[in-house]
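Student: Please see the structure below; I have some questions.
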Amino acid sequence: MITADYILLCLGMGFVTYIPRWAPLFALSQRTLPRWLEEWLDLIPAAILSALILPALVTVGEPRQLSFGSKDLIVAVPVFLFALRTRSLGGTVVLGMALYWLAGKVLG
Amino acid sequence: MSDHTVPTDKVPILQDGIRAAWPICLGYVPIGLAFGVLAQKAGLSPLAIGLMSVLVFAGSAQFIAVAMLEAGSGIAAIVVTTLTVNLRHLLMSSALCVHLKGIRKPWLALFAYGITDESFALNLVKFREGIWDWKRALTVNHVTNAVWVTSTVIGGLGGAFIPAHAFGIDYALTSMFLCLLVYQLRGRLYVLKGLIAGIAAVVISLTIPGNSYIVAASVIAATAGLLIRRQFPQIEKDRGPL
């Protein structure tokens, strides 16, 4: 059963999630940005990708602790090298899954 | 981006969008199923699960919300937590706007709904390659959304019967991010900045709970990158080992 409180919760969560997704597009895409801001924004994607990936690979647990032995990290090394060599997204995803599955069998 | 190289018929648009989106979809299925199973255990019906997935469409925030619901948290606390978890989209939306100039506001509003870590990373790389337009990007956003909503509802209906961790599918998104990161390393400056961001993110993630490290580290690294570019313009000429 769905209560009024639950609908309110989902609407609230939806609203605070949507605004950060929408406001910059709405505010910035219709105007010319200053050169430094365009350059800065151009540097953001690689930074975000690194910031998303690296902690997930080298930290474990809650509170997080540094660890260089996780299955995720061990598999990431050949997968990264494969991506560098081939630049194939599909190939990288398939190889990553295969190696992770294999690592699960071998390392437990 | 030069528009004349990108076909504008409807069928290629959908095909290209779906073809590009498959790694994300593959990654969303196990996470969506897992979320559905957890949410169902927390007492949510499949319909309630679908409602949250449609209205929120943000994986990590939804997991946290269900955990907080189970712990008896109030609506306000869950909404505030959701806001802090999803503030990172501010940065992604800002970075995307460079590629979405001149698009009408209703379309922008529809596009914004589908901005996730995954669709952002994928679309941005495609835009940079010059073979992408906003309609294809919009397709990626909404195909991945449909897969997310469907997987969470199926998880709620009986996902416990689907074997978890099958075929290394848990690693699909990590692999995709690794490859997209490789695409972004377009010279020494980008490698350097990636290292700064990664190391900063690790340090911050070890000291501050939550996911504020994503925004903090990205801002630090992009600012450092800009300063380095200003101080040492010659770094740009050297494409580095990649």
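The way I read the labels, and the way they are meant: chains A, B, ... in the order of the structure tokens, residue 1 as the first residue of every chain, and ligand 1 as the first ligand shown, with later ones counted on from there.
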Please give the complete set of residues from chain A that DSSP, run on the backbone, assigns to helix (DSSP H, G or I), formatted as a PyMOL selection string.

Tutor: chain A and resi 4-28+35-58+71-86+89-107

Student: If you count only C-alpha atoms, which residues fall within 12 Å of Leu28 in chain A, apart from same-chain ones fewer than 3 positions away, as a PDB file with N, CA and C atoms, in the first residue's frame?

Tutor:
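Contents of the output file around08.pdb:
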ATOM      1  N   TRP A  22      18.783  20.197 -13.266  1.00  0.00           N
ATOM      2  CA  TRP A  22      18.132  21.079 -14.230  1.00  0.00           C
ATOM      3  C   TRP A  22      18.665  22.519 -14.205  1.00  0.00           C
ATOM      4  N   ALA A  23      18.924  23.044 -12.993  1.00  0.00           N
ATOM      5  CA  ALA A  23      19.235  24.471 -12.865  1.00  0.00           C
ATOM      6  C   ALA A  23      20.434  24.928 -13.715  1.00  0.00           C
ATOM      7  N   PRO A  24      21.574  24.210 -13.693  1.00  0.00           N
ATOM      8  CA  PRO A  24      22.697  24.679 -14.514  1.00  0.00           C
ATOM      9  C   PRO A  24      22.368  24.671 -16.012  1.00  0.00           C
ATOM     10  N   LEU A  25      21.677  23.623 -16.478  1.00  0.00           N
ATOM     11  CA  LEU A  25      21.298  23.571 -17.889  1.00  0.00           C
ATOM     12  C   LEU A  25      20.431  24.771 -18.236  1.00  0.00           C
ATOM     13  N   ARG A  31      23.303  31.069 -22.754  1.00  0.00           N
ATOM     14  CA  ARG A  31      24.174  32.244 -22.828  1.00  0.00           C
ATOM     15  C   ARG A  31      25.623  31.855 -23.109  1.00  0.00           C
ATOM     16  N   THR A  32      26.404  32.854 -23.477  1.00  0.00           N
ATOM     17  CA  THR A  32      27.820  32.626 -23.724  1.00  0.00           C
ATOM     18  C   THR A  32      28.572  32.719 -22.402  1.00  0.00           C
ATOM     19  N   LEU A  33      29.347  31.684 -22.120  1.00  0.00           N
ATOM     20  CA  LEU A  33      30.065  31.662 -20.852  1.00  0.00           C
ATOM     21  C   LEU A  33      31.415  32.341 -21.010  1.00  0.00           C
ATOM     22  N   PRO A  34      31.944  32.912 -19.917  1.00  0.00           N
ATOM     23  CA  PRO A  34      33.301  33.448 -19.983  1.00  0.00           C
ATOM     24  C   PRO A  34      34.301  32.335 -20.303  1.00  0.00           C
ATOM     25  N   LEU A  37      35.486  29.975 -17.582  1.00  0.00           N
ATOM     26  CA  LEU A  37      34.476  29.039 -17.077  1.00  0.00           C
ATOM     27  C   LEU A  37      34.315  27.853 -18.038  1.00  0.00           C
ATOM     28  N   GLU A  38      34.311  28.162 -19.347  1.00  0.00           N
ATOM     29  CA  GLU A  38      34.236  27.074 -20.328  1.00  0.00           C
ATOM     30  C   GLU A  38      35.421  26.134 -20.181  1.00  0.00           C
ATOM     31  N   LEU A  41      34.993  24.080 -17.017  1.00  0.00           N
ATOM     32  CA  LEU A  41      33.987  23.029 -17.199  1.00  0.00           C
ATOM     33  C   LEU A  41      34.519  21.916 -18.099  1.00  0.00           C
TER      34      LEU A  41
ATOM     35  N   LEU B  90      24.941  18.928 -10.047  1.00  0.00           N
ATOM     36  CA  LEU B  90      25.135  20.342 -10.397  1.00  0.00           C
ATOM     37  C   LEU B  90      26.320  20.493 -11.339  1.00  0.00           C
ATOM     38  N   LEU B  91      27.394  19.800 -10.961  1.00  0.00           N
ATOM     39  CA  LEU B  91      28.640  19.897 -11.714  1.00  0.00           C
ATOM     40  C   LEU B  91      28.491  19.243 -13.087  1.00  0.00           C
ATOM     41  N   SER B  93      25.652  18.702 -14.798  1.00  0.00           N
ATOM     42  CA  SER B  93      24.749  19.503 -15.606  1.00  0.00           C
ATOM     43  C   SER B  93      25.480  20.723 -16.175  1.00  0.00           C
ATOM     44  N   SER B  94      26.335  21.347 -15.357  1.00  0.00           N
ATOM     45  CA  SER B  94      27.101  22.505 -15.828  1.00  0.00           C
ATOM     46  C   SER B  94      28.033  22.122 -16.965  1.00  0.00           C
ATOM     47  N   ALA B  95      28.710  20.979 -16.804  1.00  0.00           N
ATOM     48  CA  ALA B  95      29.656  20.559 -17.834  1.00  0.00           C
ATOM     49  C   ALA B  95      28.938  20.188 -19.132  1.00  0.00           C
ATOM     50  N   LEU B  96      27.706  19.681 -19.018  1.00  0.00           N
ATOM     51  CA  LEU B  96      26.955  19.287 -20.215  1.00  0.00           C
ATOM     52  C   LEU B  96      26.430  20.487 -20.997  1.00  0.00           C
ATOM     53  N   CYS B  97      26.217  21.606 -20.305  1.00  0.00           N
ATOM     54  CA  CYS B  97      25.520  22.728 -20.948  1.00  0.00           C
ATOM     55  C   CYS B  97      26.298  23.279 -22.144  1.00  0.00           C
ATOM     56  N   VAL B  98      27.634  23.093 -22.125  1.00  0.00           N
ATOM     57  CA  VAL B  98      28.447  23.531 -23.255  1.00  0.00           C
ATOM     58  C   VAL B  98      27.974  22.865 -24.551  1.00  0.00           C
ATOM     59  N   HIS B  99      27.486  21.640 -24.426  1.00  0.00           N
ATOM     60  CA  HIS B  99      27.088  20.871 -25.609  1.00  0.00           C
ATOM     61  C   HIS B  99      25.594  20.962 -25.900  1.00  0.00           C
ATOM     62  N   LEU B 100      24.859  21.687 -25.091  1.00  0.00           N
ATOM     63  CA  LEU B 100      23.403  21.738 -25.262  1.00  0.00           C
ATOM     64  C   LEU B 100      22.930  23.162 -25.501  1.00  0.00           C
ATOM     65  N   LYS B 101      23.753  23.927 -26.199  1.00  0.00           N
ATOM     66  CA  LYS B 101      23.414  25.327 -26.454  1.00  0.00           C
ATOM     67  C   LYS B 101      22.247  25.439 -27.422  1.00  0.00           C
ATOM     68  N   GLY B 102      21.346  26.375 -27.133  1.00  0.00           N
ATOM     69  CA  GLY B 102      20.291  26.696 -28.075  1.00  0.00           C
ATOM     70  C   GLY B 102      19.150  25.694 -28.133  1.00  0.00           C
ATOM     71  N   ILE B 103      19.149  24.719 -27.239  1.00  0.00           N
ATOM     72  CA  ILE B 103      18.052  23.754 -27.233  1.00  0.00           C
ATOM     73  C   ILE B 103      16.903  24.311 -26.406  1.00  0.00           C
ATOM     74  N   LYS B 105      13.793  25.079 -23.974  1.00  0.00           N
ATOM     75  CA  LYS B 105      13.734  24.802 -22.530  1.00  0.00           C
ATOM     76  C   LYS B 105      12.956  23.535 -22.151  1.00  0.00           C
ATOM     77  N   LEU B 108      15.267  20.747 -22.595  1.00  0.00           N
ATOM     78  CA  LEU B 108      16.295  20.773 -21.544  1.00  0.00           C
ATOM     79  C   LEU B 108      15.736  20.181 -20.250  1.00  0.00           C
TER      80      LEU B 108
END

Student: Mind checking which residues fall within 10 Å of Tyr183 in chain B, counting only C-alpha atoms, ignoring those fewer than 5 positions away in the same chain, and posting them as a list in words?

Tutor: Ala46, Ala83, Leu84, Arg87, Ser88 and Leu89 of chain A; Val125, Lys126, Arg128, Glu129, Phe177, Leu178 and Leu242 of chain B

Student: Next, the residues of the selection above should be written as a compact mmCIF listing (two decimals), in the first residue's frame with N, CA and C atoms.

Tutor:
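Just written: part_17.txt:
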# COMPACT_ATOMS: atom_id res chain seq x y z
N ALA A 46 36.91 14.56 -16.73
CA ALA A 46 37.95 13.61 -16.37
C ALA A 46 38.13 13.60 -14.86
N ALA A 83 41.63 -1.08 -22.11
CA ALA A 83 40.94 0.11 -22.61
C ALA A 83 41.93 1.06 -23.28
N LEU A 84 43.13 1.21 -22.70
CA LEU A 84 44.16 2.07 -23.28
C LEU A 84 44.56 1.58 -24.66
N ARG A 87 40.73 1.02 -26.88
CA ARG A 87 39.75 2.11 -26.83
C ARG A 87 38.35 1.61 -27.19
N SER A 88 38.09 0.35 -26.89
CA SER A 88 36.77 -0.23 -27.20
C SER A 88 35.94 -0.31 -25.93
N LEU A 89 34.82 0.41 -25.92
CA LEU A 89 33.96 0.43 -24.73
C LEU A 89 33.30 -0.92 -24.50
N VAL B 125 31.58 12.04 -23.42
CA VAL B 125 32.61 11.47 -24.28
C VAL B 125 32.15 11.47 -25.73
N LYS B 126 30.90 11.10 -25.95
CA LYS B 126 30.35 11.06 -27.31
C LYS B 126 30.30 12.45 -27.92
N ARG B 128 32.24 14.89 -27.27
CA ARG B 128 33.62 15.28 -27.57
C ARG B 128 34.13 14.65 -28.84
N GLU B 129 33.67 13.41 -29.10
CA GLU B 129 34.10 12.73 -30.32
C GLU B 129 33.48 13.38 -31.55
N PHE B 177 33.26 2.88 -16.67
CA PHE B 177 33.88 4.11 -16.18
C PHE B 177 35.38 4.12 -16.48
N LEU B 178 36.03 2.97 -16.31
CA LEU B 178 37.47 2.90 -16.59
C LEU B 178 37.75 3.26 -18.05
N LEU B 242 49.87 9.07 -24.19
CA LEU B 242 48.62 8.45 -24.65
C LEU B 242 48.26 8.90 -26.05

Student: Write out as a VMD selection string the residues lying within 12 Å of range 17-21 of chain A, counting only C-alpha atoms and excluding same-chain residues fewer than 5 positions away.

Tutor: (chain A and resid 10 to 12 26 to 27) or (chain B and resid 52 to 62 78 to 97 108 to 117 120)

Student: Calculated over only C-alpha atoms, which of the candidates B:Ala21, B:Leu138, B:Leu14, B:Ala121 has the smallest distance to chain A?

Tutor: B:Ala121
